[in-house]
file structure.cif (mmCIF, C-alpha atoms and all ligand atoms)
data_upload
#
loop_
_atom_site.group_PDB
_atom_site.id
_atom_site.type_symbol
_atom_site.label_atom_id
_atom_site.label_comp_id
_atom_site.auth_asym_id
_atom_site.auth_seq_id
_atom_site.Cartn_x
_atom_site.Cartn_y
_atom_site.Cartn_z
ATOM 1 C CA MET A 23 7.430 8.649 -25.151
ATOM 2 C CA ARG A 24 10.750 8.462 -26.980
ATOM 3 C CA ASN A 25 10.376 7.304 -30.615
ATOM 4 C CA VAL A 26 6.578 6.936 -30.267
ATOM 5 C CA LYS A 27 4.077 8.973 -32.266
ATOM 6 C CA PHE A 28 0.289 8.670 -32.384
ATOM 7 C CA PHE A 29 -1.552 8.230 -35.683
ATOM 8 C CA GLY A 30 -5.098 8.994 -34.561
ATOM 9 C CA ASN A 31 -5.586 6.856 -31.442
ATOM 10 C CA ILE A 32 -2.956 4.293 -32.351
ATOM 11 C CA PRO A 33 0.689 4.607 -31.366
ATOM 12 C CA ALA A 34 3.539 3.686 -33.681
ATOM 13 C CA THR A 35 7.276 3.408 -33.126
ATOM 14 C CA LYS A 36 9.859 5.192 -35.243
ATOM 15 C CA SER A 37 11.838 2.480 -36.916
ATOM 16 C CA ARG A 38 14.610 1.848 -39.395
ATOM 17 C CA TYR A 39 13.021 -1.543 -40.110
ATOM 18 C CA GLY A 40 10.063 -2.971 -42.020
ATOM 19 C CA SER A 41 6.996 -4.821 -40.799
ATOM 20 C CA HIS A 42 7.667 -7.782 -38.452
ATOM 21 C CA TYR A 43 4.198 -9.277 -37.926
ATOM 22 C CA GLY A 44 2.027 -7.631 -40.580
ATOM 23 C CA GLU A 45 1.699 -4.248 -38.824
ATOM 24 C CA LYS A 46 1.075 -1.153 -40.970
ATOM 25 C CA ILE A 47 3.905 1.185 -41.853
ATOM 26 C CA PHE A 48 3.419 4.966 -41.872
ATOM 27 C CA GLU A 49 5.843 7.231 -43.719
ATOM 28 C CA VAL A 50 6.242 10.797 -42.455
ATOM 29 C CA GLY A 51 8.716 12.591 -44.705
ATOM 30 C CA ARG A 52 11.875 10.510 -44.422
ATOM 31 C CA GLU A 53 10.760 8.847 -41.188
ATOM 32 C CA ARG A 54 9.132 5.447 -40.945
ATOM 33 C CA TYR A 55 6.747 4.377 -38.135
ATOM 34 C CA ARG A 56 5.477 0.879 -37.313
ATOM 35 C CA GLU A 57 1.874 0.675 -36.079
ATOM 36 C CA TRP A 58 1.620 -0.693 -32.524
ATOM 37 C CA VAL A 59 -1.919 -1.771 -31.766
ATOM 38 C CA PRO A 60 -2.920 -1.995 -28.085
ATOM 39 C CA TRP A 61 -4.878 -5.236 -28.613
ATOM 40 C CA ARG A 62 -1.684 -6.994 -29.678
ATOM 41 C CA SER A 63 0.690 -5.645 -27.057
ATOM 42 C CA LYS A 64 0.223 -4.940 -23.345
ATOM 43 C CA LEU A 65 2.927 -2.287 -23.422
ATOM 44 C CA SER A 66 1.082 -0.495 -26.213
ATOM 45 C CA ALA A 67 -2.148 -0.765 -24.164
ATOM 46 C CA MET A 68 -0.350 0.929 -21.250
ATOM 47 C CA ILE A 69 0.740 3.790 -23.483
ATOM 48 C CA VAL A 70 -2.713 4.225 -25.027
ATOM 49 C CA LYS A 71 -4.249 4.296 -21.535
ATOM 50 C CA GLY A 72 -1.870 7.078 -20.550
ATOM 51 C CA TYR A 73 0.178 5.219 -17.947
ATOM 52 C CA GLU A 74 3.677 6.615 -17.415
ATOM 53 C CA VAL A 75 6.427 4.486 -18.967
ATOM 54 C CA GLU A 76 9.713 6.201 -19.666
ATOM 55 C CA PHE A 77 12.812 5.006 -21.468
ATOM 56 C CA SER A 78 16.019 6.931 -22.014
ATOM 57 C CA GLY A 79 16.861 4.884 -25.104
ATOM 58 C CA ASN A 80 20.094 3.288 -23.937
ATOM 59 C CA GLU A 81 18.793 0.860 -21.324
ATOM 60 C CA LYS A 82 19.925 -2.711 -20.997
ATOM 61 C CA ILE A 83 16.778 -4.817 -20.684
ATOM 62 C CA LEU A 84 16.091 -8.448 -19.850
ATOM 63 C CA TYR A 85 12.808 -9.448 -21.521
ATOM 64 C CA LEU A 86 11.256 -12.631 -20.094
ATOM 65 C CA GLY A 87 8.599 -14.214 -22.320
ATOM 66 C CA ALA A 88 9.429 -12.532 -25.634
ATOM 67 C CA ALA A 89 7.327 -14.982 -27.728
ATOM 68 C CA SER A 90 7.667 -14.183 -31.465
ATOM 69 C CA GLY A 91 8.824 -10.635 -30.791
ATOM 70 C CA THR A 92 5.715 -8.496 -31.305
ATOM 71 C CA THR A 93 6.229 -6.179 -28.309
ATOM 72 C CA LEU A 94 9.972 -6.792 -28.345
ATOM 73 C CA SER A 95 10.248 -5.335 -31.865
ATOM 74 C CA HIS A 96 8.688 -2.042 -30.682
ATOM 75 C CA LEU A 97 10.722 -1.957 -27.492
ATOM 76 C CA ALA A 98 13.838 -2.389 -29.638
ATOM 77 C CA ASP A 99 12.729 0.661 -31.689
ATOM 78 C CA ILE A 100 12.365 2.654 -28.455
ATOM 79 C CA VAL A 101 15.677 1.647 -26.823
ATOM 80 C CA ASP A 102 17.521 1.938 -30.114
ATOM 81 C CA GLU A 103 20.799 2.713 -28.346
ATOM 82 C CA GLY A 104 20.393 -0.022 -25.732
ATOM 83 C CA MET A 105 20.421 -3.811 -25.636
ATOM 84 C CA ILE A 106 17.612 -6.300 -25.039
ATOM 85 C CA TYR A 107 18.227 -9.876 -23.916
ATOM 86 C CA ALA A 108 15.092 -11.699 -25.036
ATOM 87 C CA VAL A 109 14.271 -15.006 -23.330
ATOM 88 C CA GLU A 110 11.666 -17.403 -24.718
ATOM 89 C CA TYR A 111 11.419 -21.148 -24.113
ATOM 90 C CA SER A 112 8.988 -22.224 -26.813
ATOM 91 C CA ALA A 113 10.729 -23.199 -30.071
ATOM 92 C CA LYS A 114 7.853 -22.206 -32.400
ATOM 93 C CA PRO A 115 7.610 -18.468 -31.569
ATOM 94 C CA PHE A 116 11.385 -18.390 -31.046
ATOM 95 C CA LYS A 117 11.903 -19.074 -34.753
ATOM 96 C CA LYS A 118 10.225 -15.789 -35.640
ATOM 97 C CA LEU A 119 12.049 -14.024 -32.816
ATOM 98 C CA LEU A 120 15.318 -15.213 -34.375
ATOM 99 C CA GLU A 121 14.337 -13.651 -37.719
ATOM 100 C CA LEU A 122 13.796 -10.359 -35.897
ATOM 101 C CA ALA A 123 17.078 -10.555 -34.003
ATOM 102 C CA ARG A 124 18.985 -11.305 -37.193
ATOM 103 C CA ASN A 125 18.109 -7.830 -38.491
ATOM 104 C CA ARG A 126 18.503 -5.930 -35.232
ATOM 105 C CA GLU A 127 21.751 -5.073 -33.514
ATOM 106 C CA ASN A 128 20.151 -4.502 -30.117
ATOM 107 C CA ILE A 129 18.403 -7.866 -29.565
ATOM 108 C CA ILE A 130 20.133 -10.960 -28.190
ATOM 109 C CA PRO A 131 17.752 -13.953 -28.535
ATOM 110 C CA ILE A 132 17.966 -16.642 -25.846
ATOM 111 C CA LEU A 133 16.093 -19.943 -26.115
ATOM 112 C CA ALA A 134 15.796 -20.883 -22.429
ATOM 113 C CA ASP A 135 13.516 -21.400 -19.479
ATOM 114 C CA ALA A 136 13.267 -18.142 -17.524
ATOM 115 C CA SER A 137 12.980 -20.093 -14.282
ATOM 116 C CA LYS A 138 16.585 -21.259 -14.782
ATOM 117 C CA PRO A 139 18.620 -18.036 -15.116
ATOM 118 C CA GLN A 140 21.843 -19.909 -14.355
ATOM 119 C CA GLU A 141 21.530 -21.375 -17.886
ATOM 120 C CA TYR A 142 21.922 -17.933 -19.511
ATOM 121 C CA SER A 143 23.987 -16.155 -16.868
ATOM 122 C CA GLY A 144 27.044 -16.383 -19.112
ATOM 123 C CA VAL A 145 25.298 -14.353 -21.822
ATOM 124 C CA VAL A 146 23.286 -11.713 -19.952
ATOM 125 C CA GLU A 147 24.982 -8.749 -18.260
ATOM 126 C CA LYS A 148 23.580 -6.578 -15.446
ATOM 127 C CA VAL A 149 20.446 -4.829 -16.677
ATOM 128 C CA ASP A 150 18.565 -1.616 -15.890
ATOM 129 C CA LEU A 151 15.136 -3.142 -16.375
ATOM 130 C CA ILE A 152 13.428 -6.524 -16.381
ATOM 131 C CA TYR A 153 10.310 -6.673 -18.565
ATOM 132 C CA GLN A 154 8.249 -9.771 -17.845
ATOM 133 C CA ASP A 155 5.230 -11.100 -19.739
ATOM 134 C CA LEU A 156 5.202 -14.831 -19.032
ATOM 135 C CA SER A 157 1.644 -15.873 -18.095
ATOM 136 C CA GLN A 158 2.974 -18.290 -15.484
ATOM 137 C CA ARG A 159 1.620 -19.301 -12.114
ATOM 138 C CA ASN A 160 5.024 -18.692 -10.461
ATOM 139 C CA GLN A 161 5.902 -15.548 -12.394
ATOM 140 C CA VAL A 162 6.756 -13.524 -9.269
ATOM 141 C CA GLU A 163 9.238 -16.180 -8.220
ATOM 142 C CA ILE A 164 10.729 -16.142 -11.750
ATOM 143 C CA LEU A 165 10.997 -12.347 -11.617
ATOM 144 C CA GLU A 166 12.774 -12.445 -8.270
ATOM 145 C CA ILE A 167 15.336 -15.054 -9.211
ATOM 146 C CA ASN A 168 16.188 -13.174 -12.422
ATOM 147 C CA SER A 169 16.462 -9.926 -10.450
ATOM 148 C CA LYS A 170 18.979 -11.531 -8.109
ATOM 149 C CA PHE A 171 21.084 -12.643 -11.055
ATOM 150 C CA PHE A 172 20.816 -9.661 -13.380
ATOM 151 C CA LEU A 173 19.053 -6.552 -12.079
ATOM 152 C CA LYS A 174 21.236 -3.610 -11.075
ATOM 153 C CA ARG A 175 20.834 -2.104 -7.613
ATOM 154 C CA ARG A 176 17.690 0.050 -7.740
ATOM 155 C CA GLY A 177 16.985 -1.411 -11.193
ATOM 156 C CA ARG A 178 13.402 -1.291 -12.505
ATOM 157 C CA MET A 179 10.914 -3.979 -13.397
ATOM 158 C CA LEU A 180 7.736 -3.915 -15.453
ATOM 159 C CA MET A 181 5.564 -7.011 -15.356
ATOM 160 C CA MET A 182 2.294 -8.008 -17.002
ATOM 161 C CA VAL A 183 -0.004 -10.244 -14.969
ATOM 162 C CA LYS A 184 -2.866 -12.318 -16.348
ATOM 163 C CA ALA A 185 -5.188 -13.366 -13.516
ATOM 164 C CA LYS A 186 -6.211 -16.663 -15.132
ATOM 165 C CA SER A 187 -2.625 -17.834 -15.577
ATOM 166 C CA ILE A 188 -2.006 -17.525 -11.861
ATOM 167 C CA ASP A 189 -5.285 -18.895 -10.509
ATOM 168 C CA SER A 190 -8.480 -19.338 -12.525
ATOM 169 C CA THR A 191 -10.517 -20.438 -9.504
ATOM 170 C CA VAL A 192 -10.624 -17.082 -7.701
ATOM 171 C CA GLU A 193 -11.643 -13.518 -8.624
ATOM 172 C CA PRO A 194 -8.985 -11.578 -10.584
ATOM 173 C CA ARG A 195 -9.044 -8.877 -7.875
ATOM 174 C CA GLU A 196 -7.919 -11.432 -5.280
ATOM 175 C CA VAL A 197 -5.178 -12.774 -7.563
ATOM 176 C CA PHE A 198 -3.855 -9.255 -8.188
ATOM 177 C CA SER A 199 -3.757 -8.305 -4.523
ATOM 178 C CA LEU A 200 -1.804 -11.483 -3.731
ATOM 179 C CA VAL A 201 0.639 -10.787 -6.578
ATOM 180 C CA LEU A 202 1.172 -7.206 -5.368
ATOM 181 C CA LYS A 203 1.849 -8.456 -1.852
ATOM 182 C CA GLU A 204 4.425 -10.969 -3.103
ATOM 183 C CA VAL A 205 6.094 -8.477 -5.440
ATOM 184 C CA SER A 206 6.361 -5.853 -2.694
ATOM 185 C CA GLU A 207 8.689 -8.112 -0.708
ATOM 186 C CA ALA A 208 11.529 -7.482 -3.154
ATOM 187 C CA PHE A 209 10.329 -4.352 -4.997
ATOM 188 C CA GLU A 210 9.044 -0.927 -4.148
ATOM 189 C CA ILE A 211 5.905 -0.763 -6.270
ATOM 190 C CA LEU A 212 5.760 2.413 -8.362
ATOM 191 C CA ALA A 213 2.517 1.892 -10.254
ATOM 192 C CA THR A 214 -0.093 -0.647 -11.204
ATOM 193 C CA GLY A 215 -3.234 -0.528 -13.321
ATOM 194 C CA ASP A 216 -5.561 -2.552 -15.510
ATOM 195 C CA LEU A 217 -5.283 -2.927 -19.284
ATOM 196 C CA GLU A 218 -9.031 -2.927 -20.065
ATOM 197 C CA PRO A 219 -10.505 -3.039 -22.650
ATOM 198 C CA TYR A 220 -7.465 -4.269 -24.599
ATOM 199 C CA HIS A 221 -6.438 -7.157 -22.343
ATOM 200 C CA ARG A 222 -9.150 -8.420 -20.004
ATOM 201 C CA ASP A 223 -8.259 -9.373 -16.434
ATOM 202 C CA HIS A 224 -4.669 -8.219 -16.811
ATOM 203 C CA ILE A 225 -2.712 -5.673 -14.822
ATOM 204 C CA PHE A 226 0.745 -4.210 -15.155
ATOM 205 C CA VAL A 227 3.008 -3.676 -12.152
ATOM 206 C CA SER A 228 6.099 -1.477 -12.222
ATOM 207 C CA GLY A 229 8.638 -1.206 -9.465
ATOM 208 C CA VAL A 230 12.185 -0.603 -8.300
ATOM 209 C CA ARG A 231 14.336 -3.227 -6.652
ATOM 210 C CA LYS A 232 14.614 -2.616 -2.900
HETATM 211 C C1 LIG B 1 1.822 -13.760 -23.339
HETATM 212 S S1 LIG B 1 3.110 -14.483 -24.250
HETATM 213 C C2 LIG B 1 4.247 -13.147 -24.508
HETATM 214 C C3 LIG B 1 3.847 -12.107 -25.508
HETATM 215 C C4 LIG B 1 4.963 -11.125 -25.783
HETATM 216 N N1 LIG B 1 5.538 -10.626 -24.541
HETATM 217 C C5 LIG B 1 4.518 -9.949 -26.611
HETATM 218 O O1 LIG B 1 3.909 -9.025 -26.042
HETATM 219 O O2 LIG B 1 4.805 -9.912 -27.805
HETATM 220 C C6 LIG B 1 3.972 -15.390 -23.026
HETATM 221 C C7 LIG B 1 5.213 -16.074 -23.544
HETATM 222 O O3 LIG B 1 5.992 -16.501 -22.436
HETATM 223 C C8 LIG B 1 6.609 -17.730 -22.761
HETATM 224 N N2 LIG B 1 6.995 -18.382 -21.500
HETATM 225 C C9 LIG B 1 6.171 -18.845 -20.524
HETATM 226 N N3 LIG B 1 6.901 -19.369 -19.514
HETATM 227 C C10 LIG B 1 8.201 -19.229 -19.847
HETATM 228 C C11 LIG B 1 9.425 -19.582 -19.209
HETATM 229 N N4 LIG B 1 9.443 -20.185 -18.014
HETATM 230 N N5 LIG B 1 10.577 -19.277 -19.832
HETATM 231 C C12 LIG B 1 10.566 -18.672 -21.053
HETATM 232 N N6 LIG B 1 9.439 -18.319 -21.713
HETATM 233 C C13 LIG B 1 8.276 -18.597 -21.120
HETATM 234 C C14 LIG B 1 5.527 -18.470 -23.546
HETATM 235 O O4 LIG B 1 6.099 -19.498 -24.342
HETATM 236 C C15 LIG B 1 4.923 -17.332 -24.369
HETATM 237 O O5 LIG B 1 5.541 -17.230 -25.631
#
call {"tool": "encode", "arguments": {"input": "structure.cif", "output": "structure tokens", "more": "lines below"}}
Ligand SMILES: C[S@@+](CC[C@H](N)C(=O)[O-])C[C@H]1O[C@@H](n2cnc3c(N)ncnc32)[C@H](O)[C@@H]1O
result
Amino acid sequence: MRNVKFFGNIPATKSRYGSHYGEKIFEVGRERYREWVPWRSKLSAMIVKGYEVEFSGNEKILYLGAASGTTLSHLADIVDEGMIYAVEYSAKPFKKLLELARNRENIIPILADASKPQEYSGVVEKVDLIYQDLSQRNQVEILEINSKFFLKRRGRMLMMVKAKSIDSTVEPREVFSLVLKEVSEAFEILATGDLEPYHRDHIFVSGVRK
């Protein structure tokens, strides 16, 4: 993948920046790489497991559930010519996200509830991709409403689903099949897969807006 190199089994992103959350830095000649461990990031787990995820580097991305910016910081290394609108509603992780955004030209931090896209519709433009990692019971609904507001025609989405966050009373398999059914109403599903052993009872789903 663009701007990603493996150091042994662990990927790292080529970066002009230093460590954001204590990750190791590797120097290769004049290039600097930030270690991206799969246990800390579902997107890294996808890459380590060999799932296809491609970026051209100039995408506009809406990131829902950016937390303190762990995965966001690597995604910003990958789409270094693009723009990422990063939405997070919890003030504590947002503080660290702000520190990250202060140093990066391609991150716009937004402190808001992702279920209310009208509150940030004046800031976010039409995007090529929605990346969602919210751990919310109604995350499909949140994805759809944001797609209606911001996703380009035939735009892509990549979502991370944690079974327990949606329903802890039934088997993860059942939760995932229900999520896939709901998602397929608005999206053509391109791929899905588990993130074991890095993130238990999680899947990713990627798709294109119908
Ligand atoms: C699993 S964590 C995200 C981890 C992050 N994506 C990463 O890989 O670095 C989920 C985050 O979503 C945020 N979140 C949950 N519901 C939200 C909502 N409705 N609007 C905005 N953020 C939300 C939580 O506060 C939490 O920080």
call {"tool": "residues_near_ligand", "arguments": {"input": "structure.cif", "ligand": "ligand LIG 1 (chain B)", "cutoff": "7 Å", "atoms": "only C-alpha atoms and all ligand atoms", "output": "list in words"}}
result
Arg62, Ser63, Lys64, Leu86, Gly87, Ala88, Ala89, Ser90, Gly91, Thr92, Thr93, Leu94, Val109, Glu110, Tyr111, Ser112, Pro115, Ala134, Asp135, Ala136, Ser137, Asp155, Leu156, Ser157 and Gln158 of chain A
call {"tool": "residues_around", "arguments": {"input": "structure.cif", "residues": "Pro219 in chain A", "least_positions_apart": "6", "cutoff": "12 Å", "atoms": "only C-alpha atoms", "output": "list of chain:residue names"}}
result
A:Pro60, A:Trp61, A:Arg62, A:Lys64, A:Ala67, A:Met68, A:Val70, A:Lys71, A:Ile225
call {"tool": "residues_around", "arguments": {"input": "structure.cif", "residues": "range 34-47 of chain A", "least_positions_apart": "2", "cutoff": "8 Å", "atoms": "only C-alpha atoms", "output": "list in words"}}
result
Asn25, Val26, Lys27, Phe28, Phe29, Ile32, Glu49, Glu53, Arg54, Tyr55, Arg56, Glu57, Trp58, Val59, Thr92, Ser95, His96, Asp99, Ile100 and Leu122 of chain A
call {"tool": "atom_distance", "arguments": {"input": "structure.cif", "atom1": "CA of Asp150 in chain A", "atom2": "CA of Val230 in chain A"}}
result
10.0 Å
call {"tool": "atom_distance", "arguments": {"input": "structure.cif", "atom1": "CA of Glu147 in chain A", "atom2": "CA of Phe77 in chain A"}}
result
18.6 Å
call {"tool": "decode", "arguments": {"input": "structure.cif", "residues": "range 221-232 of chain A", "atoms": "N, CA and C atoms", "output": "PDB file, in the first residue's frame"}}
result
ATOM      1  N   HIS A 221      -8.210  -8.127  16.884  1.00  0.00           N
ATOM      2  CA  HIS A 221      -9.406  -7.502  17.472  1.00  0.00           C
ATOM      3  C   HIS A 221     -10.501  -8.576  17.464  1.00  0.00           C
ATOM      4  N   ARG A 222     -10.777  -9.112  18.635  1.00  0.00           N
ATOM      5  CA  ARG A 222     -11.728 -10.236  18.719  1.00  0.00           C
ATOM      6  C   ARG A 222     -13.146  -9.783  18.454  1.00  0.00           C
ATOM      7  N   ASP A 223     -13.899 -10.636  17.749  1.00  0.00           N
ATOM      8  CA  ASP A 223     -15.311 -10.379  17.458  1.00  0.00           C
ATOM      9  C   ASP A 223     -15.536  -9.029  16.772  1.00  0.00           C
ATOM     10  N   HIS A 224     -14.628  -8.732  15.853  1.00  0.00           N
ATOM     11  CA  HIS A 224     -14.775  -7.531  15.015  1.00  0.00           C
ATOM     12  C   HIS A 224     -14.749  -7.973  13.552  1.00  0.00           C
ATOM     13  N   ILE A 225     -15.460  -7.255  12.714  1.00  0.00           N
ATOM     14  CA  ILE A 225     -15.252  -7.418  11.270  1.00  0.00           C
ATOM     15  C   ILE A 225     -15.071  -6.034  10.650  1.00  0.00           C
ATOM     16  N   PHE A 226     -14.522  -6.036   9.434  1.00  0.00           N
ATOM     17  CA  PHE A 226     -14.567  -4.810   8.638  1.00  0.00           C
ATOM     18  C   PHE A 226     -15.567  -5.059   7.505  1.00  0.00           C
ATOM     19  N   VAL A 227     -16.153  -3.995   7.014  1.00  0.00           N
ATOM     20  CA  VAL A 227     -17.022  -4.082   5.832  1.00  0.00           C
ATOM     21  C   VAL A 227     -16.624  -2.931   4.922  1.00  0.00           C
ATOM     22  N   SER A 228     -16.373  -3.242   3.644  1.00  0.00           N
ATOM     23  CA  SER A 228     -16.111  -2.141   2.702  1.00  0.00           C
ATOM     24  C   SER A 228     -17.175  -2.190   1.618  1.00  0.00           C
ATOM     25  N   GLY A 229     -17.481  -1.032   1.076  1.00  0.00           N
ATOM     26  CA  GLY A 229     -18.537  -0.996   0.071  1.00  0.00           C
ATOM     27  C   GLY A 229     -18.525   0.281  -0.739  1.00  0.00           C
ATOM     28  N   VAL A 230     -19.406   0.298  -1.731  1.00  0.00           N
ATOM     29  CA  VAL A 230     -19.576   1.467  -2.605  1.00  0.00           C
ATOM     30  C   VAL A 230     -21.030   1.871  -2.522  1.00  0.00           C
ATOM     31  N   ARG A 231     -21.253   3.175  -2.458  1.00  0.00           N
ATOM     32  CA  ARG A 231     -22.623   3.677  -2.365  1.00  0.00           C
ATOM     33  C   ARG A 231     -23.412   3.342  -3.632  1.00  0.00           C
ATOM     34  N   LYS A 232     -24.612   2.788  -3.444  1.00  0.00           N
ATOM     35  CA  LYS A 232     -25.432   2.391  -4.599  1.00  0.00           C
ATOM     36  C   LYS A 232     -25.947   3.608  -5.336  1.00  0.00           C
TER      37      LYS A 232
END
